[in-house]
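Structure first, then comments.
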Amino acid sequence: MDKLFIPILLGTARDERESEKVAKFVFDQFSKNTKIKTELIDIRNFALSETTPSWVESPIIAEWRETLTKADGLIIVAPEYNHGYPGELKLLIDSALKEYEKKPVAICGVSSSAIGGARMMQHLIPTLSKLGMIPIKDAAYFSVVKELFNQKGKIKNKQKWQKILKKIFDELLWYAKVLKEGRIKYPK
């Protein structure tokens with residue numbers, strides 16, 4: 001079987017976003033796995049100002065849909081804004097449909113508070129499930145994000161975060177492999 005392709009989406013376009021440090025760390029850790037191909041996708045590359053329905057052709061989101069079509073799963077790194085997820089993430093998510101079906105998704109929440117984006121995940125998971133994705137059980141909660149990285153942008157307590165992410169990656173890869181085989185054997 002070919003290598004699994006699982007991109008990582010940085011789900012905020014906000015200036016001075018702390019989530020970018022988290023996304024780069026997650027990408028660095030995930031890209032070490034020789035069983036996968038990955039890339040870090042920045043939501044800033046999709047300057048959406050309105051909802052583009054999945055049935056509407058759009059040059060702005062064509063690359064996103066192509067990436068999702070090839071993807072065997074997805075990792076989303078997103079911050080919690082006012083107990084929810086960023087509006088630009090919602091606009092991008094809503095721009096595709098069939099491309100999400102029967103693919104696992106892992107979520108890494110980012111927050112300046114102590115709960116690490118848990119409330120954001122409560123809103124994001126039902127949306128992803130409705131689109132046909134399978135949110136995995138485990139998630140990463142990057143709490144009090146401004147204190148997680150040193151002055152050089154390196155994460156503190158790296159071993160702790162590597163252990164947390166390894167568990168998430170292992171679960172995501174298991175689902176990605178099984179669901180890819182199912183999509184091949186039992187296409188719709």
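Labels used: A, B, ... for chains in the order of the structure tokens, numbers from 1 for residues in each chain, and numbers from 1 for ligands as shown.
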
Alpha helix (DSSP H) residues, from DSSP on the backbone, in stretch 8-184 of chain A, as an NGL selection string: :A and (19-30 or 62-70 or 87-93 or 118-130 or 158-184)

Which residues are close to A:Asp42, i.e. within 9 Å by only C-alpha atoms, leaving aside same-chain residues fewer than 4 positions away? Reply as a PyMOL selection string. chain A and resi 8-13+20+46

Could the residues in this selection be saved with N, CA, C and O atoms as a PDB file, in the first residue's frame?
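Output saved as result.pdb:
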ATOM      1  N   ILE A   8      -1.824  18.523   7.499  1.00  0.00           N
ATOM      2  CA  ILE A   8      -2.101  19.227   8.744  1.00  0.00           C
ATOM      3  C   ILE A   8      -2.584  20.623   8.376  1.00  0.00           C
ATOM      4  O   ILE A   8      -1.910  21.332   7.629  1.00  0.00           O
ATOM      5  N   LEU A   9      -3.753  20.991   8.873  1.00  0.00           N
ATOM      6  CA  LEU A   9      -4.347  22.289   8.572  1.00  0.00           C
ATOM      7  C   LEU A   9      -4.202  23.223   9.761  1.00  0.00           C
ATOM      8  O   LEU A   9      -4.669  22.914  10.858  1.00  0.00           O
ATOM      9  N   LEU A  10      -3.558  24.363   9.533  1.00  0.00           N
ATOM     10  CA  LEU A  10      -3.515  25.433  10.525  1.00  0.00           C
ATOM     11  C   LEU A  10      -4.766  26.260  10.313  1.00  0.00           C
ATOM     12  O   LEU A  10      -4.909  26.935   9.300  1.00  0.00           O
ATOM     13  N   GLY A  11      -5.707  26.194  11.259  1.00  0.00           N
ATOM     14  CA  GLY A  11      -7.056  26.710  11.070  1.00  0.00           C
ATOM     15  C   GLY A  11      -7.344  28.109  11.553  1.00  0.00           C
ATOM     16  O   GLY A  11      -8.472  28.392  11.945  1.00  0.00           O
ATOM     17  N   THR A  12      -6.367  28.996  11.538  1.00  0.00           N
ATOM     18  CA  THR A  12      -6.618  30.389  11.879  1.00  0.00           C
ATOM     19  C   THR A  12      -5.719  31.285  11.032  1.00  0.00           C
ATOM     20  O   THR A  12      -4.578  30.939  10.761  1.00  0.00           O
ATOM     21  N   ALA A  13      -6.260  32.414  10.652  1.00  0.00           N
ATOM     22  CA  ALA A  13      -5.503  33.390   9.864  1.00  0.00           C
ATOM     23  C   ALA A  13      -5.158  34.626  10.678  1.00  0.00           C
ATOM     24  O   ALA A  13      -4.626  35.597  10.147  1.00  0.00           O
ATOM     25  N   GLU A  20       0.277  28.924  15.238  1.00  0.00           N
ATOM     26  CA  GLU A  20       1.283  28.604  14.223  1.00  0.00           C
ATOM     27  C   GLU A  20       2.457  27.836  14.844  1.00  0.00           C
ATOM     28  O   GLU A  20       2.980  26.900  14.234  1.00  0.00           O
ATOM     29  N   PHE A  46      -6.201  30.477   1.633  1.00  0.00           N
ATOM     30  CA  PHE A  46      -7.565  30.405   1.106  1.00  0.00           C
ATOM     31  C   PHE A  46      -8.343  31.600   1.646  1.00  0.00           C
ATOM     32  O   PHE A  46      -9.077  31.488   2.617  1.00  0.00           O
TER      33      PHE A  46
END

Contact residues around A:Tyr100 with only C-alpha atoms at 7 Å, ignoring same-chain residues under 2 positions, as a ChimeraX atom specification
/A:68,97-98,102-103,131-133

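You will find atom CA of A:Pro86 at 17.0 Å from atom CA of A:Ser143.
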
Correct to one decimal, the distance atom CA of A:Ile6-atom CA of A:Ala62 is 17.7 Å

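If you look at atom CA of A:Gly116 and atom CA of A:Ile43, they are 20.2 Å away from each other.
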
Any idea what's packed within 10 Å of stretch 30-33 of chain A, counting only C-alpha atoms, ignoring anything in its chain fewer than 4 positions away? Could you give it as a PDB file with N, CA and C atoms, in the first residue's frame?
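Once written, out.pdb looks like this:
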ATOM      1  N   ILE A   6      -1.606  12.460   4.921  1.00  0.00           N
ATOM      2  CA  ILE A   6      -2.409  13.106   5.961  1.00  0.00           C
ATOM      3  C   ILE A   6      -1.874  14.521   6.168  1.00  0.00           C
ATOM      4  N   PRO A   7      -2.534  15.512   5.582  1.00  0.00           N
ATOM      5  CA  PRO A   7      -2.088  16.893   5.772  1.00  0.00           C
ATOM      6  C   PRO A   7      -2.497  17.440   7.134  1.00  0.00           C
ATOM      7  N   ILE A   8      -1.824  18.523   7.499  1.00  0.00           N
ATOM      8  CA  ILE A   8      -2.101  19.227   8.744  1.00  0.00           C
ATOM      9  C   ILE A   8      -2.584  20.623   8.376  1.00  0.00           C
ATOM     10  N   LYS A  24       3.431  24.058  13.636  1.00  0.00           N
ATOM     11  CA  LYS A  24       4.793  23.710  13.187  1.00  0.00           C
ATOM     12  C   LYS A  24       5.375  22.580  14.026  1.00  0.00           C
ATOM     13  N   PHE A  25       5.120  22.603  15.333  1.00  0.00           N
ATOM     14  CA  PHE A  25       5.591  21.516  16.189  1.00  0.00           C
ATOM     15  C   PHE A  25       4.913  20.198  15.812  1.00  0.00           C
ATOM     16  N   VAL A  26       3.601  20.221  15.639  1.00  0.00           N
ATOM     17  CA  VAL A  26       2.864  19.010  15.259  1.00  0.00           C
ATOM     18  C   VAL A  26       3.377  18.498  13.913  1.00  0.00           C
ATOM     19  N   LYS A  37       2.972  10.617   4.236  1.00  0.00           N
ATOM     20  CA  LYS A  37       3.348  11.873   3.590  1.00  0.00           C
ATOM     21  C   LYS A  37       2.452  12.926   4.224  1.00  0.00           C
ATOM     22  N   THR A  38       2.986  14.092   4.428  1.00  0.00           N
ATOM     23  CA  THR A  38       2.192  15.153   5.019  1.00  0.00           C
ATOM     24  C   THR A  38       2.633  16.500   4.465  1.00  0.00           C
ATOM     25  N   GLU A  39       1.843  17.482   4.727  1.00  0.00           N
ATOM     26  CA  GLU A  39       2.206  18.862   4.424  1.00  0.00           C
ATOM     27  C   GLU A  39       1.435  19.751   5.382  1.00  0.00           C
ATOM     28  N   LEU A  40       1.999  20.913   5.633  1.00  0.00           N
ATOM     29  CA  LEU A  40       1.343  21.885   6.501  1.00  0.00           C
ATOM     30  C   LEU A  40       0.600  22.874   5.614  1.00  0.00           C
ATOM     31  N   ILE A  75      -5.307  16.340  10.067  1.00  0.00           N
ATOM     32  CA  ILE A  75      -5.060  16.867  11.407  1.00  0.00           C
ATOM     33  C   ILE A  75      -5.381  18.354  11.345  1.00  0.00           C
ATOM     34  N   GLN A 162       5.561  14.976  22.870  1.00  0.00           N
ATOM     35  CA  GLN A 162       5.829  13.888  21.918  1.00  0.00           C
ATOM     36  C   GLN A 162       5.023  12.645  22.288  1.00  0.00           C
ATOM     37  N   LEU A 165       1.323  13.312  21.412  1.00  0.00           N
ATOM     38  CA  LEU A 165       1.111  13.282  19.955  1.00  0.00           C
ATOM     39  C   LEU A 165       1.294  11.885  19.376  1.00  0.00           C
ATOM     40  N   LYS A 166       2.230  11.107  19.909  1.00  0.00           N
ATOM     41  CA  LYS A 166       2.428   9.747  19.399  1.00  0.00           C
ATOM     42  C   LYS A 166       1.148   8.926  19.531  1.00  0.00           C
ATOM     43  N   PHE A 169      -1.222  10.185  16.874  1.00  0.00           N
ATOM     44  CA  PHE A 169      -0.774   9.773  15.545  1.00  0.00           C
ATOM     45  C   PHE A 169      -1.026   8.288  15.315  1.00  0.00           C
TER      46      PHE A 169
END

All residues 12 Å or closer to A:Leu148, only C-alpha atoms, same chain fewer than 5 positions away omitted, as a PDB file with all heavy atoms, in the first residue's frame:
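Saved the output as out.pdb:
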ATOM      1  N   GLU A  18      -0.660  32.299  17.882  1.00  0.00           N
ATOM      2  CA  GLU A  18       0.140  31.356  18.654  1.00  0.00           C
ATOM      3  C   GLU A  18      -0.028  29.938  18.109  1.00  0.00           C
ATOM      4  O   GLU A  18       0.850  29.101  18.274  1.00  0.00           O
ATOM      5  CB  GLU A  18      -0.258  31.404  20.135  1.00  0.00           C
ATOM      6  CG  GLU A  18       0.053  32.726  20.813  1.00  0.00           C
ATOM      7  CD  GLU A  18       1.534  33.017  20.963  1.00  0.00           C
ATOM      8  OE1 GLU A  18       2.324  32.073  21.153  1.00  0.00           O
ATOM      9  OE2 GLU A  18       1.895  34.207  20.893  1.00  0.00           O
ATOM     10  N   SER A  19      -1.131  29.687  17.448  1.00  0.00           N
ATOM     11  CA  SER A  19      -1.401  28.363  16.889  1.00  0.00           C
ATOM     12  C   SER A  19      -0.374  27.955  15.848  1.00  0.00           C
ATOM     13  O   SER A  19      -0.171  26.767  15.605  1.00  0.00           O
ATOM     14  CB  SER A  19      -2.790  28.334  16.246  1.00  0.00           C
ATOM     15  OG  SER A  19      -3.768  28.638  17.185  1.00  0.00           O
ATOM     16  N   LYS A  21       2.857  28.207  16.047  1.00  0.00           N
ATOM     17  CA  LYS A  21       3.932  27.483  16.733  1.00  0.00           C
ATOM     18  C   LYS A  21       3.514  26.033  16.977  1.00  0.00           C
ATOM     19  O   LYS A  21       4.301  25.106  16.795  1.00  0.00           O
ATOM     20  CB  LYS A  21       4.267  28.158  18.061  1.00  0.00           C
ATOM     21  CG  LYS A  21       4.879  29.525  17.931  1.00  0.00           C
ATOM     22  CD  LYS A  21       5.044  30.160  19.299  1.00  0.00           C
ATOM     23  CE  LYS A  21       5.456  31.608  19.185  1.00  0.00           C
ATOM     24  NZ  LYS A  21       5.417  32.288  20.489  1.00  0.00           N
ATOM     25  N   VAL A  22       2.279  25.866  17.408  1.00  0.00           N
ATOM     26  CA  VAL A  22       1.769  24.519  17.664  1.00  0.00           C
ATOM     27  C   VAL A  22       1.721  23.719  16.365  1.00  0.00           C
ATOM     28  O   VAL A  22       2.169  22.569  16.314  1.00  0.00           O
ATOM     29  CB  VAL A  22       0.376  24.566  18.331  1.00  0.00           C
ATOM     30  CG1 VAL A  22      -0.207  23.168  18.464  1.00  0.00           C
ATOM     31  CG2 VAL A  22       0.454  25.262  19.679  1.00  0.00           C
ATOM     32  N   PHE A  25       5.120  22.603  15.333  1.00  0.00           N
ATOM     33  CA  PHE A  25       5.591  21.516  16.189  1.00  0.00           C
ATOM     34  C   PHE A  25       4.913  20.198  15.812  1.00  0.00           C
ATOM     35  O   PHE A  25       5.573  19.167  15.666  1.00  0.00           O
ATOM     36  CB  PHE A  25       5.351  21.844  17.666  1.00  0.00           C
ATOM     37  CG  PHE A  25       5.719  20.718  18.589  1.00  0.00           C
ATOM     38  CD1 PHE A  25       7.042  20.377  18.793  1.00  0.00           C
ATOM     39  CD2 PHE A  25       4.738  19.985  19.241  1.00  0.00           C
ATOM     40  CE1 PHE A  25       7.387  19.314  19.631  1.00  0.00           C
ATOM     41  CE2 PHE A  25       5.063  18.932  20.078  1.00  0.00           C
ATOM     42  CZ  PHE A  25       6.396  18.598  20.281  1.00  0.00           C
ATOM     43  N   VAL A 110      -5.902  24.769  20.672  1.00  0.00           N
ATOM     44  CA  VAL A 110      -4.963  25.756  21.195  1.00  0.00           C
ATOM     45  C   VAL A 110      -5.764  26.818  21.926  1.00  0.00           C
ATOM     46  O   VAL A 110      -6.796  27.273  21.433  1.00  0.00           O
ATOM     47  CB  VAL A 110      -4.154  26.404  20.045  1.00  0.00           C
ATOM     48  CG1 VAL A 110      -3.158  27.412  20.596  1.00  0.00           C
ATOM     49  CG2 VAL A 110      -3.448  25.346  19.200  1.00  0.00           C
ATOM     50  N   SER A 111      -5.258  27.214  23.114  1.00  0.00           N
ATOM     51  CA  SER A 111      -5.979  28.213  23.886  1.00  0.00           C
ATOM     52  C   SER A 111      -5.027  28.968  24.798  1.00  0.00           C
ATOM     53  O   SER A 111      -4.034  28.413  25.261  1.00  0.00           O
ATOM     54  CB  SER A 111      -7.059  27.534  24.725  1.00  0.00           C
ATOM     55  OG  SER A 111      -7.741  28.459  25.535  1.00  0.00           O
ATOM     56  N   SER A 112      -5.365  30.204  25.043  1.00  0.00           N
ATOM     57  CA  SER A 112      -4.611  30.976  26.032  1.00  0.00           C
ATOM     58  C   SER A 112      -5.077  30.623  27.434  1.00  0.00           C
ATOM     59  O   SER A 112      -4.434  30.969  28.416  1.00  0.00           O
ATOM     60  CB  SER A 112      -4.773  32.475  25.774  1.00  0.00           C
ATOM     61  OG  SER A 112      -6.135  32.830  25.866  1.00  0.00           O
ATOM     62  N   SER A 113      -6.187  29.902  27.537  1.00  0.00           N
ATOM     63  CA  SER A 113      -6.714  29.497  28.844  1.00  0.00           C
ATOM     64  C   SER A 113      -6.237  28.093  29.199  1.00  0.00           C
ATOM     65  O   SER A 113      -5.506  27.454  28.445  1.00  0.00           O
ATOM     66  CB  SER A 113      -8.243  29.540  28.836  1.00  0.00           C
ATOM     67  OG  SER A 113      -8.751  28.482  28.056  1.00  0.00           O
ATOM     68  N   ALA A 114      -6.706  27.611  30.326  1.00  0.00           N
ATOM     69  CA  ALA A 114      -6.251  26.326  30.855  1.00  0.00           C
ATOM     70  C   ALA A 114      -6.896  25.105  30.208  1.00  0.00           C
ATOM     71  O   ALA A 114      -6.451  23.990  30.453  1.00  0.00           O
ATOM     72  CB  ALA A 114      -6.481  26.292  32.357  1.00  0.00           C
ATOM     73  N   GLY A 116      -7.308  24.430  26.854  1.00  0.00           N
ATOM     74  CA  GLY A 116      -6.678  24.011  25.609  1.00  0.00           C
ATOM     75  C   GLY A 116      -7.569  23.829  24.405  1.00  0.00           C
ATOM     76  O   GLY A 116      -7.307  22.978  23.567  1.00  0.00           O
ATOM     77  N   TYR A 141      -4.534  19.066  23.721  1.00  0.00           N
ATOM     78  CA  TYR A 141      -5.035  20.321  24.257  1.00  0.00           C
ATOM     79  C   TYR A 141      -3.836  21.193  24.655  1.00  0.00           C
ATOM     80  O   TYR A 141      -3.243  20.983  25.712  1.00  0.00           O
ATOM     81  CB  TYR A 141      -5.911  20.060  25.486  1.00  0.00           C
ATOM     82  CG  TYR A 141      -7.091  19.162  25.189  1.00  0.00           C
ATOM     83  CD1 TYR A 141      -6.992  17.784  25.342  1.00  0.00           C
ATOM     84  CD2 TYR A 141      -8.290  19.699  24.746  1.00  0.00           C
ATOM     85  CE1 TYR A 141      -8.078  16.954  25.067  1.00  0.00           C
ATOM     86  CE2 TYR A 141      -9.383  18.889  24.468  1.00  0.00           C
ATOM     87  CZ  TYR A 141      -9.259  17.515  24.630  1.00  0.00           C
ATOM     88  OH  TYR A 141     -10.335  16.708  24.356  1.00  0.00           O
ATOM     89  N   PHE A 142      -3.476  22.120  23.797  1.00  0.00           N
ATOM     90  CA  PHE A 142      -2.344  23.004  24.053  1.00  0.00           C
ATOM     91  C   PHE A 142      -2.846  24.208  24.849  1.00  0.00           C
ATOM     92  O   PHE A 142      -3.273  25.208  24.283  1.00  0.00           O
ATOM     93  CB  PHE A 142      -1.681  23.417  22.731  1.00  0.00           C
ATOM     94  CG  PHE A 142      -0.958  22.290  22.053  1.00  0.00           C
ATOM     95  CD1 PHE A 142      -1.626  21.450  21.172  1.00  0.00           C
ATOM     96  CD2 PHE A 142       0.389  22.071  22.305  1.00  0.00           C
ATOM     97  CE1 PHE A 142      -0.953  20.402  20.541  1.00  0.00           C
ATOM     98  CE2 PHE A 142       1.066  21.025  21.691  1.00  0.00           C
ATOM     99  CZ  PHE A 142       0.393  20.184  20.802  1.00  0.00           C
ATOM    100  N   SER A 143      -2.809  24.074  26.171  1.00  0.00           N
ATOM    101  CA  SER A 143      -3.322  25.089  27.101  1.00  0.00           C
ATOM    102  C   SER A 143      -2.276  26.157  27.383  1.00  0.00           C
ATOM    103  O   SER A 143      -1.081  25.899  27.299  1.00  0.00           O
ATOM    104  CB  SER A 143      -3.707  24.433  28.428  1.00  0.00           C
ATOM    105  OG  SER A 143      -4.613  23.384  28.215  1.00  0.00           O
ATOM    106  N   GLY A 153      10.953  29.877  20.171  1.00  0.00           N
ATOM    107  CA  GLY A 153       9.825  29.198  19.546  1.00  0.00           C
ATOM    108  C   GLY A 153       9.843  27.689  19.691  1.00  0.00           C
ATOM    109  O   GLY A 153       9.075  26.992  19.037  1.00  0.00           O
ATOM    110  N   LYS A 154      10.697  27.163  20.554  1.00  0.00           N
ATOM    111  CA  LYS A 154      10.773  25.719  20.800  1.00  0.00           C
ATOM    112  C   LYS A 154       9.866  25.367  21.966  1.00  0.00           C
ATOM    113  O   LYS A 154       9.813  26.068  22.971  1.00  0.00           O
ATOM    114  CB  LYS A 154      12.213  25.290  21.117  1.00  0.00           C
ATOM    115  CG  LYS A 154      13.203  25.612  20.015  1.00  0.00           C
ATOM    116  CD  LYS A 154      12.950  24.781  18.800  1.00  0.00           C
ATOM    117  CE  LYS A 154      13.992  25.081  17.730  1.00  0.00           C
ATOM    118  NZ  LYS A 154      13.669  24.503  16.464  1.00  0.00           N
ATOM    119  N   ILE A 155       9.183  24.247  21.823  1.00  0.00           N
ATOM    120  CA  ILE A 155       8.249  23.839  22.866  1.00  0.00           C
ATOM    121  C   ILE A 155       8.999  23.391  24.119  1.00  0.00           C
ATOM    122  O   ILE A 155      10.046  22.747  24.032  1.00  0.00           O
ATOM    123  CB  ILE A 155       7.285  22.734  22.362  1.00  0.00           C
ATOM    124  CG1 ILE A 155       6.068  22.629  23.272  1.00  0.00           C
ATOM    125  CG2 ILE A 155       7.998  21.411  22.197  1.00  0.00           C
ATOM    126  CD1 ILE A 155       4.867  21.990  22.644  1.00  0.00           C
ATOM    127  N   LYS A 156       8.464  23.775  25.259  1.00  0.00           N
ATOM    128  CA  LYS A 156       9.000  23.326  26.543  1.00  0.00           C
ATOM    129  C   LYS A 156       8.402  21.946  26.822  1.00  0.00           C
ATOM    130  O   LYS A 156       7.310  21.626  26.352  1.00  0.00           O
ATOM    131  CB  LYS A 156       8.605  24.297  27.651  1.00  0.00           C
ATOM    132  CG  LYS A 156       9.133  25.707  27.448  1.00  0.00           C
ATOM    133  CD  LYS A 156       8.554  26.633  28.518  1.00  0.00           C
ATOM    134  CE  LYS A 156       8.908  28.068  28.296  1.00  0.00           C
ATOM    135  NZ  LYS A 156       8.245  28.962  29.278  1.00  0.00           N
ATOM    136  N   ASN A 157       9.087  21.159  27.604  1.00  0.00           N
ATOM    137  CA  ASN A 157       8.595  19.830  27.984  1.00  0.00           C
ATOM    138  C   ASN A 157       8.270  18.998  26.733  1.00  0.00           C
ATOM    139  O   ASN A 157       7.200  18.393  26.615  1.00  0.00           O
ATOM    140  CB  ASN A 157       7.379  19.951  28.902  1.00  0.00           C
ATOM    141  CG  ASN A 157       7.186  18.711  29.752  1.00  0.00           C
ATOM    142  OD1 ASN A 157       7.806  17.676  29.513  1.00  0.00           O
ATOM    143  ND2 ASN A 157       6.316  18.809  30.727  1.00  0.00           N
ATOM    144  N   LYS A 158       9.210  18.984  25.824  1.00  0.00           N
ATOM    145  CA  LYS A 158       9.037  18.327  24.519  1.00  0.00           C
ATOM    146  C   LYS A 158       8.643  16.851  24.638  1.00  0.00           C
ATOM    147  O   LYS A 158       7.773  16.375  23.907  1.00  0.00           O
ATOM    148  CB  LYS A 158      10.333  18.468  23.715  1.00  0.00           C
ATOM    149  CG  LYS A 158      10.251  17.967  22.307  1.00  0.00           C
ATOM    150  CD  LYS A 158      11.554  18.263  21.570  1.00  0.00           C
ATOM    151  CE  LYS A 158      11.508  17.779  20.158  1.00  0.00           C
ATOM    152  NZ  LYS A 158      12.761  18.110  19.441  1.00  0.00           N
ATOM    153  N   LYS A 160       6.954  15.284  26.919  1.00  0.00           N
ATOM    154  CA  LYS A 160       5.541  15.151  27.285  1.00  0.00           C
ATOM    155  C   LYS A 160       4.668  15.271  26.040  1.00  0.00           C
ATOM    156  O   LYS A 160       3.772  14.451  25.808  1.00  0.00           O
ATOM    157  CB  LYS A 160       5.159  16.228  28.301  1.00  0.00           C
ATOM    158  CG  LYS A 160       3.668  16.344  28.540  1.00  0.00           C
ATOM    159  CD  LYS A 160       3.315  17.608  29.311  1.00  0.00           C
ATOM    160  CE  LYS A 160       1.836  17.872  29.220  1.00  0.00           C
ATOM    161  NZ  LYS A 160       1.459  19.166  29.768  1.00  0.00           N
ATOM    162  N   TRP A 161       4.934  16.304  25.226  1.00  0.00           N
ATOM    163  CA  TRP A 161       4.116  16.534  24.039  1.00  0.00           C
ATOM    164  C   TRP A 161       4.349  15.479  22.971  1.00  0.00           C
ATOM    165  O   TRP A 161       3.418  15.092  22.263  1.00  0.00           O
ATOM    166  CB  TRP A 161       4.340  17.952  23.518  1.00  0.00           C
ATOM    167  CG  TRP A 161       3.719  18.942  24.439  1.00  0.00           C
ATOM    168  CD1 TRP A 161       4.352  19.766  25.332  1.00  0.00           C
ATOM    169  CD2 TRP A 161       2.321  19.161  24.625  1.00  0.00           C
ATOM    170  NE1 TRP A 161       3.432  20.488  26.047  1.00  0.00           N
ATOM    171  CE2 TRP A 161       2.169  20.145  25.638  1.00  0.00           C
ATOM    172  CE3 TRP A 161       1.171  18.629  24.038  1.00  0.00           C
ATOM    173  CZ2 TRP A 161       0.935  20.603  26.061  1.00  0.00           C
ATOM    174  CZ3 TRP A 161      -0.069  19.095  24.467  1.00  0.00           C
ATOM    175  CH2 TRP A 161      -0.178  20.058  25.465  1.00  0.00           C
TER     176      TRP A 161
END

Quiz item: In stretch 26-135 of chain A, what's strand (DSSP E) per DSSP? Answer as a PyMOL selection string?
Solution: chain A and resi 36-37+40-42+74-79+103-110+133-135

List every residue of stretch 52-158 of chain A that has an atom at most 10 Å from any atom of stretch 177-188 of chain A, giving for each one its closest atom pair and the distance in Å to one decimal, counting only C-alpha atoms, sorted by chain and then by ascending residue number, as CSV.
residue,atom,partner,partner_atom,distance
A:Ala71,CA,A:Lys180,CA,9.6
A:Asp72,CA,A:Lys180,CA,6.4
A:Gly73,CA,A:Lys180,CA,9.0
A:Glu101,CA,A:Arg183,CA,9.3
A:Lys102,CA,A:Leu179,CA,6.3
A:Lys103,CA,A:Leu179,CA,6.5
A:Pro104,CA,A:Leu179,CA,7.9
A:Ile134,CA,A:Leu179,CA,9.6

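Distance annotation: of A:Lys167, A:Lys90, A:His83, A:Lys152, the residue with the minimal separation from A:Ala140 is A:Lys167; atom set is only C-alpha atoms.
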